[in-house]
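Quick notes on the structure that follows.
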Amino acid sequence: MDNTLKAALLLNAINASSTIFARLCNEHDPQDLWQSQSLWQELRLTDRMQQRLSGFLRDDWAEREYDRVQKFGARFIPFNSIDYPPKLYDLKKPPIGLYVKGNVNISLPLVSIVGTRKCSVYAEGVATNLGKALAQNGIITLSGGAKGIDTAGHQGTLAENGVTVVIFGTGLDKVYPVENKDLFERIIERGAWVSEYPFGTDGNPWRFPERDRIIAGMSAHIVVAESPEGGGAMHTARIGIELGRDVWSIPGRITDDVSRGTNLLVREGTNIFLGISDFIKIITGHEQINIAFMDSASDSEAANTTTPPELSDDAKTVYSLIQRYGGRTADELLTDSGLDFMAVQSAIMELQAECLISDEGGRFSASG
């Protein structure tokens, strides 16, 4: 381990700024960090930082951390490395370094799919299909590995053998949330894990807003699939807007609190996400793209050809929505179909009579 890497590991661990690390490298020999305590005040390390640094030096922490990184099959990319994602330099506080496991070039243009953990079936379906479509077109996706929208985006990408990157709010050796352990194992087969936090760092709540800035910073495009007004995805979007990133919002129903954040972003002037094909054509600049499934309301006529011909037009419309998005409530079908209340209720009764749908606790799903 060279002196620059050791200095980066130490300063990162005590939560110093990248500005301090840059000053150390540009104005001093990095090994001066542990050879001259008088330098600590010159670098403006706080008393707490100095205390922690003293403890780390006594315990040979950097050497042991480097050994952990290697045994884990990961690497630490410092702020001044050519492998450091250049987009992160736009942040007010870029991380001093990144722990990375996986062979993905994380400096490539990435599309992040973010949103609430407690998402609607509709938003989850869109995020999944967006992940699939991006993978089909060779675009790397990025998210935070949380339940809900994050998981849907990752899973959609993996379903099409695509590449996806997850930004941890913990050390790489900590699985959070634990329910996504299998998902993370699938991600590492083709993608990458990224964290700014040393090994052994737990998932304290305040770390995830910090993590959000890395998602925004590394992204070329940010898609907010669904978020309440105070959701973490809104934090990511706000940072993205400040950085001049290409931010997209999927509008939701005005009656749903879970969509209030995304609807506010639309009002504030972010790009309105009107369809997956449309989005990919815009970000790639290509008219010819690969989409292996329907993704917009304009495709509903084609979907109707798969339904029994004896159904009414209203029933075909409702059935196509249920087929495309999975379980839907009557209220969701009312909004998504554009039909009136009586038409939706009649269509549901018709589909149930034909044994084409089943009622699962107020959500209607295709039978069989």
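Letters A, B, ... go to the chains of the structure tokens in the order shown; residues in each chain start at 1; ligands are counted from 1 in the same order.
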Could you pull out the residues in range 124-325 of chain A that DSSP calls helix (DSSP H, G or I) from the backbone, as a PyMOL selection string? chain A and resi 124-136+149-159+178-190+207-218+232-243+257-267+276-284+297-304+313-325
Preceding selection exported with C-alpha atoms as a compact mmCIF listing (two decimals), in the first residue's frame:
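Okay, part-v7.txt is ready:
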# COMPACT_ATOMS: atom_id res chain seq x y z
CA GLU A 124 -42.95 -0.69 -9.09
CA GLY A 125 -43.97 -2.02 -12.50
CA VAL A 126 -42.66 1.05 -14.30
CA ALA A 127 -39.34 0.89 -12.43
CA THR A 128 -38.97 -2.81 -13.24
CA ASN A 129 -39.74 -2.29 -16.91
CA LEU A 130 -37.44 0.73 -17.09
CA GLY A 131 -34.62 -1.38 -15.66
CA LYS A 132 -35.34 -4.04 -18.28
CA ALA A 133 -35.41 -1.56 -21.15
CA LEU A 134 -32.18 0.14 -20.09
CA ALA A 135 -30.48 -3.25 -19.91
CA GLN A 136 -31.79 -4.15 -23.37
CA ILE A 149 -38.46 1.29 -6.25
CA ASP A 150 -34.70 0.73 -5.82
CA THR A 151 -35.19 -3.03 -5.74
CA ALA A 152 -37.52 -2.95 -8.74
CA GLY A 153 -34.99 -1.05 -10.85
CA HIS A 154 -32.17 -3.40 -9.93
CA GLN A 155 -34.30 -6.49 -10.52
CA GLY A 156 -35.55 -5.28 -13.88
CA THR A 157 -32.00 -4.72 -15.06
CA LEU A 158 -30.87 -8.14 -13.87
CA ALA A 159 -33.87 -9.82 -15.51
CA VAL A 178 -31.04 -7.90 5.00
CA GLU A 179 -34.04 -8.89 2.86
CA ASN A 180 -32.03 -7.90 -0.20
CA LYS A 181 -29.05 -10.16 0.46
CA ASP A 182 -29.89 -12.39 -2.51
CA LEU A 183 -30.41 -9.33 -4.72
CA PHE A 184 -26.99 -7.95 -3.79
CA GLU A 185 -25.38 -11.31 -4.58
CA ARG A 186 -26.99 -11.24 -8.03
CA ILE A 187 -25.86 -7.65 -8.58
CA ILE A 188 -22.21 -8.46 -7.90
CA GLU A 189 -22.24 -11.19 -10.56
CA ARG A 190 -22.60 -8.56 -13.29
CA ARG A 207 -25.79 7.85 6.42
CA PHE A 208 -28.45 7.30 3.78
CA PRO A 209 -28.95 11.00 2.94
CA GLU A 210 -25.15 11.13 2.60
CA ARG A 211 -25.35 8.14 0.29
CA ASP A 212 -27.98 9.92 -1.82
CA ARG A 213 -25.48 12.59 -2.90
CA ILE A 214 -23.27 9.87 -4.41
CA ILE A 215 -26.20 8.45 -6.36
CA ALA A 216 -26.98 11.92 -7.72
CA GLY A 217 -23.34 12.71 -8.36
CA MET A 218 -22.58 9.55 -10.31
CA GLY A 232 -35.21 10.20 0.30
CA ALA A 233 -35.60 10.12 -3.47
CA MET A 234 -36.54 13.79 -3.32
CA HIS A 235 -33.21 14.47 -1.63
CA THR A 236 -31.44 12.70 -4.49
CA ALA A 237 -33.46 14.67 -7.04
CA ARG A 238 -32.76 18.02 -5.36
CA ILE A 239 -29.03 17.34 -5.37
CA GLY A 240 -29.27 16.26 -8.99
CA ILE A 241 -31.01 19.50 -9.91
CA GLU A 242 -28.31 21.53 -8.13
CA LEU A 243 -25.64 19.60 -10.03
CA ASP A 257 -49.48 11.13 -0.90
CA VAL A 258 -46.91 8.69 -2.25
CA SER A 259 -46.87 10.68 -5.51
CA ARG A 260 -46.84 14.18 -4.07
CA GLY A 261 -43.07 14.51 -4.29
CA THR A 262 -42.83 13.46 -7.92
CA ASN A 263 -45.76 15.70 -8.83
CA LEU A 264 -44.04 18.63 -7.13
CA LEU A 265 -40.91 17.93 -9.17
CA VAL A 266 -43.02 18.07 -12.32
CA ARG A 267 -44.43 21.44 -11.26
CA ILE A 276 -39.97 4.23 -21.43
CA SER A 277 -39.40 4.24 -25.18
CA ASP A 278 -39.62 8.02 -25.29
CA PHE A 279 -37.13 8.34 -22.42
CA ILE A 280 -34.55 6.01 -23.93
CA LYS A 281 -34.79 7.64 -27.36
CA ILE A 282 -34.15 11.03 -25.78
CA ILE A 283 -31.19 10.05 -23.60
CA THR A 284 -29.51 8.00 -26.34
CA ALA A 297 -50.87 3.73 -23.10
CA SER A 298 -50.54 3.90 -26.88
CA ASP A 299 -49.74 0.18 -26.89
CA SER A 300 -53.04 -0.82 -25.31
CA GLU A 301 -54.65 -1.67 -28.65
CA ALA A 302 -51.91 -4.20 -29.35
CA ALA A 303 -52.42 -5.64 -25.88
CA ASN A 304 -56.09 -6.13 -26.59
CA ASP A 313 -63.94 -2.86 -25.27
CA ASP A 314 -64.01 -1.61 -21.66
CA ALA A 315 -63.21 -5.08 -20.32
CA LYS A 316 -60.35 -5.43 -22.79
CA THR A 317 -58.91 -2.10 -21.63
CA VAL A 318 -59.13 -3.04 -17.96
CA TYR A 319 -57.77 -6.55 -18.60
CA SER A 320 -54.76 -5.19 -20.51
CA LEU A 321 -53.89 -2.92 -17.57
CA ILE A 322 -54.08 -5.83 -15.13
CA GLN A 323 -51.91 -7.97 -17.41
CA ARG A 324 -49.29 -5.26 -17.80
CA TYR A 325 -49.00 -4.01 -14.22
Mind checking DSSP for range 113-257 of chain A and telling me the strand (DSSP E) residues as a PyMOL selection string? chain A and resi 113-115+140-143+164-167+192-195+219-226+246-249
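Note that CA of Tyr122 in chain A and CA of Asp331 in chain A are 12.0 Å apart.
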List every residue of range 156-198 of chain A that has an atom at most 10 Å from any atom of range 8-24 of chain A, giving for each one its closest atom pair and the distance in Å to one decimal, counting only C-alpha atoms, sorted by chain and then by ascending residue number, as JSON lines.
{"residue": "A:Glu196", "atom": "CA", "partner": "A:Asn12", "partner_atom": "CA", "distance": 7.9}
{"residue": "A:Tyr197", "atom": "CA", "partner": "A:Ala13", "partner_atom": "CA", "distance": 7.4}
{"residue": "A:Pro198", "atom": "CA", "partner": "A:Ala13", "partner_atom": "CA", "distance": 6.4}
Go ahead and write the residues just picked, N, CA and C atoms, as a JSON list (two decimals), in the first residue's frame.
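Now in result18.json:
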[["chain", "number", "residue", "atom", "x", "y", "z"],
["A", 196, "GLU", "N", -18.75, 4.70, 0.38],
["A", 196, "GLU", "CA", -17.68, 5.56, 0.86],
["A", 196, "GLU", "C", -17.25, 5.18, 2.28],
["A", 197, "TYR", "N", -17.99, 4.24, 2.88],
["A", 197, "TYR", "CA", -17.79, 3.95, 4.29],
["A", 197, "TYR", "C", -16.83, 2.79, 4.53],
["A", 198, "PRO", "N", -15.99, 2.88, 5.56],
["A", 198, "PRO", "CA", -15.07, 1.79, 5.89],
["A", 198, "PRO", "C", -15.81, 0.50, 6.24]]
Just want the 8 Å neighbourhood of range 353-366 of chain A, counted on only C-alpha atoms, with same-chain residues fewer than 2 positions away dropped. Output as a list of chain:residue names. A:Tyr319, A:Ile322, A:Gln323, A:Gly326, A:Gly327, A:Arg328, A:Thr329, A:Ala330, A:Met349, A:Glu350, A:Leu351, A:Gly368
Counting only C-alpha atoms, which residue out of A:Thr4, A:Gln288, A:Ser312, A:Ser367 sits closest to Phe79 in chain A? A:Thr4
Test item: residues at most 7 Å from Ser143 in chain A, only C-alpha atoms, excluding those fewer than 5 positions along its chain, as a list in words: Ser112, Ile113, Val114, Asp150, Val165, Val166, Ile167 and Ile215 of chain A
